[in-house]
Amino acid sequence: MTCLLNACNIGKHLPAKERLYAGTDINIKADSTISKDNQKAIQEQLAGLARPKPNKQLFGFPYKVGLYYLFGEPKKPKGFRSWFRRKFGEEPVLASAKAITSNIPIWKATLQNDGYFGSEVTGELKESGYKARGVYEVDVKPRYSIDSVAFLVDSTPVRKALWASARRTVIKKGSPYSFDNIKLERERISQALKQRGFYYFLPDYVAVIADNDSSIHRTKLYFAIKPEIPAAAGVPYSIRNVFIYPNYNLSTARQDTNKLQAYQSEEQFHIVDSTRRFDPRLFRDIMAVQPGRRYNSRAQDLTLSRFINVGAFKFVRNRFDPAQQGDSAVLDVHYYLTPYPTKSVRLEIDGTSRSNNFNGTQAILSWRNRNYFKRAELLTLNANAGIEFQVGGGAQSITNYRFGADALLSFPRLVSPVRFRYDQRQALPKTNVTLGYQLIRRGGLYDLNSFQTTFGYVWRQNQQIEHVFQPFNITYVRPSNISTAFIDSAANNPFVFRQYYAIQNSKQLILSTLYTFNYNSSPRSASPTTFRLSANIEPAGNLANVLFDKRDDNGDQIIFGVPFAQFVRVDVDARLYRKLSKNVTWANRIFAGLGATYGNSKGMQLPLTKQYFVGGPNSIRAFRSRAIGPGLFTRDTLRELQLFQDGGGDIKLEANTEIRAKFTKFLEGAIFVDAGNVWTFSNNDILGAEAQAKFSPEFYRQIAIGTGIGLRLDLSYFLIRFDLATPLRKPYKTDGSEWVINQINFRDSEWRKQNIVFNIAVGYPF
């Protein structure tokens, strides 16, 4: 008790005539032309700049200072008292008149930089007991706005280039005066001149003259090139020679940087590579910096970006050597490239634990060749095998097996007989070819074989927009080894029959075309909000419907004896992330998808591999994977018919919102709410009318809702996520009501068994 009283009496521990700094008070006296919102913004801005920062307080008491003095002065540097002070205490922040006088010029400069010319700041310390506060009076004058912007030029090359850049100025007439915008304009001018060959030009070489008119509170701005800039900064440079060292490393540095051993490509690049490891045409695709052209910083940045993103080089650096060629200034450019090992093997083993008591493991063996045809083509061969078994399933326990193999060949260029137009100022486009096979063996019930091959392109329109186009996407699905036990269960249970029917009719050939549009808000924006959008459209079977008219006994059109699917599938995934503070982010996702069958698939659902599903660790986390829908066709997701629940639909609506808080460098927490369901596009007699699986205007009555909390371990290279969730609303009626909030009872073991869902996953859910 004595120690606590001693800690609470902070005043007696402070040095003589000193006071504890308790905070800053700012009183704004503003001109009538300044809005309340602007006054509040000024107050917050100045408060953020105020020094010193007071000690942390709880109900007005500086508790950390109390802990600092709790056990008195330490006698040993490494004793208990010293440790306790460092761990829990906080050294007192003392009030100082010097701090007041230091803040005043900083605040006045801040107001002037924002156009509040002539504003005044005064301040003093006001004492109360052992504490003191800094009290400031801020007299804010009217804000100046931009009257006009002019550029002072003459006939010299650098000033002519300044005039050419003027039309893209970021400073507009009528906008408020802002020194930050002036700095941004100087940087923009510097970049514009660097793109016109002025290699040595810097933002500091731009002079800014402000002519203020105090009667109307307006400013005329004049931008000019300083007369005393270095001679080299006022001269445009051209590219003379480009040297490329594509096999550069410490062991071969002397041999593979010897310019006497260079050979020239068709584009006049000098390539120094004793191994001839890369085809020179690779550098034709990558190089935006070209001999004989003016130096351009944008071309240089693009070249470096392409070298890094092509995937063949581990380290990339470059060097410029200035020289004089007659009356012209020229640059020799050197690119030093350290390649990855051409071939590599990787083995991945992971474990899974799902909410439906399924646990398992999977192994993936990958072999890579990063330079298959000597132009940085990436060939990846994967083989995978996995097992999934149910814990505590009793007589219904089931074991699933998964086997597969696939190959991906990616070209860092367009491989097409037709010329493809794309923005050549962006990263290199890619051509991807895939071929794969997968076998799912579901617990002795049935096997599902799928073969897939795709051919497509990926290219960027700009920094925000990416396009993916797969003109050829062929999938062949064939069920096999359907067991007698599965057939008998289907005959006795309508729920199981639905899945049996889907598997029995899943033998199909899917010939589709896929287009994907990806948008990501500007990565350079200082906005706390980030927006991402991904949209897909996939028509299937239309060309086959025109070219093939042969039919089987059921009247379905077939190719090589196999019915082909005919449908169109469209979906949109929109995500919005907003930083609420330095360590708190609000993440949101909305997904909407629609698939409609017609022609050869009229009256049927989408093929099993193309259906939409909800539930699971990356969807509605209060329900297990694929357990919800379509519509009301849902059972208790944890207890009943675990083996056969596999609900899929043609229409999907889902919304997720999550608050993410970062506690430490490695630990994060989350609170989330998920909602959604899937429906069929048309009536399906297999589901039964009572299931109400078809999408209708009453769809909102069939929305599943869940909530929960999460814990995440951020290990830099990947994030491990633990989410604990429970349903708030089940789309099927429980005791006469879809809402189950009033049934929440964490003390009831049976309720926990029925409703608590634990998800383990890698990465964020969205």
# chains A, B, ... in the order shown; residues from 1 in each chain; ligands from 1
$ residues_around --residues "Leu152 in chain A" --least-positions-apart "2" --cutoff "9 Å" --atoms "only C-alpha atoms" --output "count of residues only"
9
$ select_by_dssp --residues "range 114-262 of chain A" --states "alpha helix (DSSP H)" --output "PyMOL selection string"
chain A and resi 157-165+179-194
$ closest_atom_pairs --of "range 235-307 of chain A" --to "range 178-194 of chain A" --cutoff "12 Å" --atoms "only C-alpha atoms" --output "Markdown table"
| residue | atom | partner | partner_atom | distance |
| --- | --- | --- | --- | --- |
| A:Val235 | CA | A:Leu193 | CA | 10.3 |
| A:Pro236 | CA | A:Lys194 | CA | 8.6 |
| A:Tyr237 | CA | A:Lys194 | CA | 9.5 |
| A:Ser238 | CA | A:Lys194 | CA | 11.5 |
| A:Arg294 | CA | A:Lys194 | CA | 9.8 |
| A:Tyr295 | CA | A:Lys194 | CA | 7.5 |
| A:Asn296 | CA | A:Lys194 | CA | 5.9 |
| A:Ser297 | CA | A:Lys194 | CA | 5.5 |
| A:Arg298 | CA | A:Lys194 | CA | 8.2 |
| A:Ala299 | CA | A:Lys194 | CA | 10.3 |
| A:Gln300 | CA | A:Lys194 | CA | 10.3 |
| A:Asp301 | CA | A:Lys194 | CA | 11.5 |
$ residues_around --residues "Arg589 in chain A" --least-positions-apart "6" --cutoff "6 Å" --atoms "only C-alpha atoms" --output "MDAnalysis selection string"
chainID A and resid 574:575 655:656
$ residues_around --residues "Gly593 in chain A" --least-positions-apart "5" --cutoff "9 Å" --atoms "only C-alpha atoms" --output "list in words"
Arg569, Val570, Asp571, Val572, Asp573, Tyr612, Asp650, Ile651, Lys652 and Leu653 of chain A
$ write_last_selection --atoms "N, CA, C and O atoms" --output "mmCIF file, in the first residue's frame"
data_model
loop_
_atom_site.group_PDB
_atom_site.id
_atom_site.type_symbol
_atom_site.label_atom_id
_atom_site.label_comp_id
_atom_site.auth_asym_id
_atom_site.auth_seq_id
_atom_site.Cartn_x
_atom_site.Cartn_y
_atom_site.Cartn_z
ATOM 1 N N ARG A 569 -21.290 -17.899 -68.093
ATOM 2 C CA ARG A 569 -21.051 -17.687 -66.652
ATOM 3 C C ARG A 569 -20.397 -16.315 -66.480
ATOM 4 O O ARG A 569 -19.370 -16.021 -67.091
ATOM 5 N N VAL A 570 -20.997 -15.479 -65.637
ATOM 6 C CA VAL A 570 -20.508 -14.119 -65.405
ATOM 7 C C VAL A 570 -20.430 -13.882 -63.902
ATOM 8 O O VAL A 570 -21.379 -14.204 -63.178
ATOM 9 N N ASP A 571 -19.331 -13.339 -63.422
ATOM 10 C CA ASP A 571 -19.256 -13.009 -61.996
ATOM 11 C C ASP A 571 -18.352 -11.807 -61.770
ATOM 12 O O ASP A 571 -17.503 -11.461 -62.599
ATOM 13 N N VAL A 572 -18.575 -11.152 -60.632
ATOM 14 C CA VAL A 572 -17.835 -9.945 -60.246
ATOM 15 C C VAL A 572 -17.432 -10.080 -58.789
ATOM 16 O O VAL A 572 -18.249 -10.449 -57.937
ATOM 17 N N ASP A 573 -16.173 -9.784 -58.501
ATOM 18 C CA ASP A 573 -15.638 -9.803 -57.134
ATOM 19 C C ASP A 573 -15.071 -8.415 -56.854
ATOM 20 O O ASP A 573 -14.079 -8.005 -57.450
ATOM 21 N N TYR A 612 -21.122 -22.634 -58.359
ATOM 22 C CA TYR A 612 -20.704 -21.775 -57.256
ATOM 23 C C TYR A 612 -20.997 -22.472 -55.927
ATOM 24 O O TYR A 612 -22.002 -23.168 -55.791
ATOM 25 N N ASP A 650 -26.106 -22.145 -59.451
ATOM 26 C CA ASP A 650 -25.812 -21.365 -60.650
ATOM 27 C C ASP A 650 -25.700 -19.874 -60.341
ATOM 28 O O ASP A 650 -25.197 -19.113 -61.168
ATOM 29 N N ILE A 651 -26.203 -19.461 -59.199
ATOM 30 C CA ILE A 651 -26.192 -18.054 -58.797
ATOM 31 C C ILE A 651 -25.574 -17.967 -57.409
ATOM 32 O O ILE A 651 -25.876 -18.786 -56.541
ATOM 33 N N LYS A 652 -24.729 -16.967 -57.225
ATOM 34 C CA LYS A 652 -24.098 -16.795 -55.918
ATOM 35 C C LYS A 652 -24.083 -15.324 -55.531
ATOM 36 O O LYS A 652 -23.742 -14.457 -56.339
ATOM 37 N N LEU A 653 -24.480 -15.070 -54.293
ATOM 38 C CA LEU A 653 -24.344 -13.744 -53.699
ATOM 39 C C LEU A 653 -23.635 -13.910 -52.360
ATOM 40 O O LEU A 653 -24.036 -14.754 -51.559
#
$ atom_distance --atom1 "CA of Asp147 in chain A" --atom2 "CA of Gly118 in chain A"
18.4 Å
$ select_by_dssp --residues "range 334-543 of chain A" --states "strand (DSSP E)" --output "JSON, numbers by chain"
{"A": [334, 335, 336, 337, 338, 339, 343, 344, 345, 346, 347, 348, 349, 350, 351, 352, 353, 358, 359, 360, 361, 362, 363, 364, 365, 366, 367, 368, 369, 378, 379, 380, 381, 382, 383, 384, 385, 386, 387, 388, 389, 390, 399, 400, 401, 402, 403, 404, 405, 406, 407, 408, 409, 410, 411, 430, 431, 432, 433, 434, 435, 436, 437, 438, 439, 440, 441, 442, 446, 447, 448, 449, 450, 451, 452, 453, 454, 455, 456, 457, 458, 459, 460, 465, 466, 467, 468, 469, 470, 471, 472, 473, 474, 475, 476, 477, 478, 479, 480, 508, 509, 510, 511, 512, 513, 514, 515, 516, 517, 518, 519, 520, 529, 530, 531, 532, 533, 534, 535, 536, 537, 538, 539, 540]}
$ residues_around --residues "Thr664 in chain A" --least-positions-apart "2" --cutoff "10 Å" --atoms "only C-alpha atoms" --output "NGL selection string"
:A and (583 or 661-662 or 666-669 or 713-714)
$ write_last_selection --atoms "all heavy atoms" --output "short mmCIF file (atom, residue, chain, number, x, y, z; two decimals), in the first residue's frame"
data_model
loop_
_atom_site.label_atom_id
_atom_site.label_comp_id
_atom_site.auth_asym_id
_atom_site.auth_seq_id
_atom_site.Cartn_x
_atom_site.Cartn_y
_atom_site.Cartn_z
N ASN A 583 -2.88 1.00 -37.47
CA ASN A 583 -2.88 -0.45 -37.21
C ASN A 583 -4.24 -1.12 -37.41
O ASN A 583 -4.39 -2.30 -37.10
CB ASN A 583 -2.39 -0.73 -35.79
CG ASN A 583 -0.94 -0.33 -35.59
OD1 ASN A 583 -0.11 -0.58 -36.45
ND2 ASN A 583 -0.65 0.30 -34.46
N ALA A 661 -7.04 -5.72 -36.91
CA ALA A 661 -6.22 -4.90 -36.01
C ALA A 661 -4.86 -5.56 -35.81
O ALA A 661 -4.79 -6.75 -35.49
CB ALA A 661 -6.92 -4.71 -34.67
N LYS A 662 -3.82 -4.80 -36.01
CA LYS A 662 -2.45 -5.32 -35.83
C LYS A 662 -1.99 -5.00 -34.42
O LYS A 662 -1.86 -3.83 -34.05
CB LYS A 662 -1.53 -4.69 -36.87
CG LYS A 662 -0.22 -5.43 -37.05
CD LYS A 662 0.52 -4.93 -38.26
CE LYS A 662 1.76 -5.76 -38.55
NZ LYS A 662 1.47 -7.12 -38.96
N PHE A 666 3.98 -9.41 -35.32
CA PHE A 666 3.64 -10.76 -35.75
C PHE A 666 2.19 -11.16 -35.46
O PHE A 666 1.73 -12.19 -35.96
CB PHE A 666 4.56 -11.78 -35.06
CG PHE A 666 6.01 -11.54 -35.32
CD1 PHE A 666 6.83 -11.00 -34.34
CD2 PHE A 666 6.57 -11.86 -36.55
CE1 PHE A 666 8.18 -10.77 -34.58
CE2 PHE A 666 7.91 -11.64 -36.80
CZ PHE A 666 8.72 -11.09 -35.81
N LEU A 667 1.46 -10.39 -34.66
CA LEU A 667 0.15 -10.82 -34.19
C LEU A 667 -0.93 -9.84 -34.63
O LEU A 667 -0.80 -8.64 -34.44
CB LEU A 667 0.16 -10.95 -32.66
CG LEU A 667 -1.04 -11.66 -32.02
CD1 LEU A 667 -1.10 -13.11 -32.46
CD2 LEU A 667 -0.92 -11.59 -30.50
N GLU A 668 -2.02 -10.40 -35.21
CA GLU A 668 -3.17 -9.61 -35.63
C GLU A 668 -4.44 -10.25 -35.11
O GLU A 668 -4.50 -11.46 -34.87
CB GLU A 668 -3.25 -9.51 -37.16
CG GLU A 668 -2.09 -8.82 -37.81
CD GLU A 668 -2.26 -8.73 -39.32
OE1 GLU A 668 -3.41 -8.82 -39.79
OE2 GLU A 668 -1.25 -8.58 -40.02
N GLY A 669 -5.47 -9.42 -34.97
CA GLY A 669 -6.79 -9.91 -34.59
C GLY A 669 -7.84 -9.43 -35.58
O GLY A 669 -7.58 -8.54 -36.39
N LEU A 713 -1.21 -15.00 -37.38
CA LEU A 713 0.22 -14.94 -37.15
C LEU A 713 0.89 -14.53 -38.45
O LEU A 713 0.86 -15.27 -39.44
CB LEU A 713 0.76 -16.30 -36.69
CG LEU A 713 0.20 -16.85 -35.37
CD1 LEU A 713 0.80 -18.21 -35.07
CD2 LEU A 713 0.48 -15.89 -34.22
N ASP A 714 1.47 -13.34 -38.46
CA ASP A 714 2.13 -12.81 -39.65
C ASP A 714 3.61 -13.18 -39.59
O ASP A 714 4.38 -12.59 -38.83
CB ASP A 714 1.96 -11.29 -39.71
CG ASP A 714 2.48 -10.71 -41.02
OD1 ASP A 714 3.11 -11.45 -41.78
OD2 ASP A 714 2.25 -9.51 -41.27
#
$ residues_around --residues "range 433-437 of chain A" --least-positions-apart "4" --cutoff "12 Å" --atoms "only C-alpha atoms" --output "MDAnalysis selection string"
chainID A and resid 377:385 402:412 414:415 448:458 469:478
$ write_last_selection --atoms "C-alpha atoms" --output "PDB file, in the first residue's frame"
ATOM      1  CA  GLU A 377      10.192 -19.246 -70.776  1.00  0.00           C
ATOM      2  CA  LEU A 378       9.070 -20.853 -67.532  1.00  0.00           C
ATOM      3  CA  LEU A 379       8.167 -24.538 -67.636  1.00  0.00           C
ATOM      4  CA  THR A 380       6.663 -25.892 -64.416  1.00  0.00           C
ATOM      5  CA  LEU A 381       5.781 -29.558 -63.877  1.00  0.00           C
ATOM      6  CA  ASN A 382       3.760 -30.382 -60.763  1.00  0.00           C
ATOM      7  CA  ALA A 383       2.723 -33.694 -59.241  1.00  0.00           C
ATOM      8  CA  ASN A 384       0.510 -33.761 -56.170  1.00  0.00           C
ATOM      9  CA  ALA A 385      -1.047 -36.324 -53.876  1.00  0.00           C
ATOM     10  CA  ARG A 402      -6.556 -36.626 -54.425  1.00  0.00           C
ATOM     11  CA  PHE A 403      -3.957 -37.224 -57.144  1.00  0.00           C
ATOM     12  CA  GLY A 404      -2.941 -34.918 -59.940  1.00  0.00           C
ATOM     13  CA  ALA A 405      -0.320 -33.708 -62.346  1.00  0.00           C
ATOM     14  CA  ASP A 406      -0.097 -30.571 -64.467  1.00  0.00           C
ATOM     15  CA  ALA A 407       2.287 -28.654 -66.677  1.00  0.00           C
ATOM     16  CA  LEU A 408       2.471 -24.898 -67.233  1.00  0.00           C
ATOM     17  CA  LEU A 409       4.522 -23.251 -69.954  1.00  0.00           C
ATOM     18  CA  SER A 410       4.667 -19.461 -69.708  1.00  0.00           C
ATOM     19  CA  PHE A 411       6.193 -17.277 -72.449  1.00  0.00           C
ATOM     20  CA  PRO A 412       7.143 -13.664 -71.540  1.00  0.00           C
ATOM     21  CA  LEU A 414       2.688 -12.864 -77.078  1.00  0.00           C
ATOM     22  CA  VAL A 415       2.642 -16.109 -79.045  1.00  0.00           C
ATOM     23  CA  LEU A 448     -14.037 -38.088 -60.452  1.00  0.00           C
ATOM     24  CA  ASN A 449     -11.523 -37.687 -63.282  1.00  0.00           C
ATOM     25  CA  SER A 450     -10.888 -34.322 -64.906  1.00  0.00           C
ATOM     26  CA  PHE A 451      -8.574 -33.360 -67.756  1.00  0.00           C
ATOM     27  CA  GLN A 452      -7.939 -29.704 -68.600  1.00  0.00           C
ATOM     28  CA  THR A 453      -5.927 -27.705 -71.078  1.00  0.00           C
ATOM     29  CA  THR A 454      -5.876 -23.949 -71.554  1.00  0.00           C
ATOM     30  CA  PHE A 455      -4.217 -21.445 -73.843  1.00  0.00           C
ATOM     31  CA  GLY A 456      -4.328 -17.755 -73.088  1.00  0.00           C
ATOM     32  CA  TYR A 457      -2.752 -14.357 -72.648  1.00  0.00           C
ATOM     33  CA  VAL A 458      -2.136 -11.970 -69.746  1.00  0.00           C
ATOM     34  CA  PHE A 469      -7.930 -13.810 -72.185  1.00  0.00           C
ATOM     35  CA  GLN A 470      -8.112 -17.572 -72.672  1.00  0.00           C
ATOM     36  CA  PRO A 471      -9.584 -18.266 -76.123  1.00  0.00           C
ATOM     37  CA  PHE A 472      -9.202 -22.023 -75.597  1.00  0.00           C
ATOM     38  CA  ASN A 473     -10.224 -23.663 -72.334  1.00  0.00           C
ATOM     39  CA  ILE A 474     -11.029 -27.375 -72.628  1.00  0.00           C
ATOM     40  CA  THR A 475     -12.139 -29.521 -69.691  1.00  0.00           C
ATOM     41  CA  TYR A 476     -13.221 -33.145 -69.818  1.00  0.00           C
ATOM     42  CA  VAL A 477     -14.889 -34.568 -66.699  1.00  0.00           C
ATOM     43  CA  ARG A 478     -15.646 -38.279 -66.302  1.00  0.00           C
TER      44      ARG A 478
END
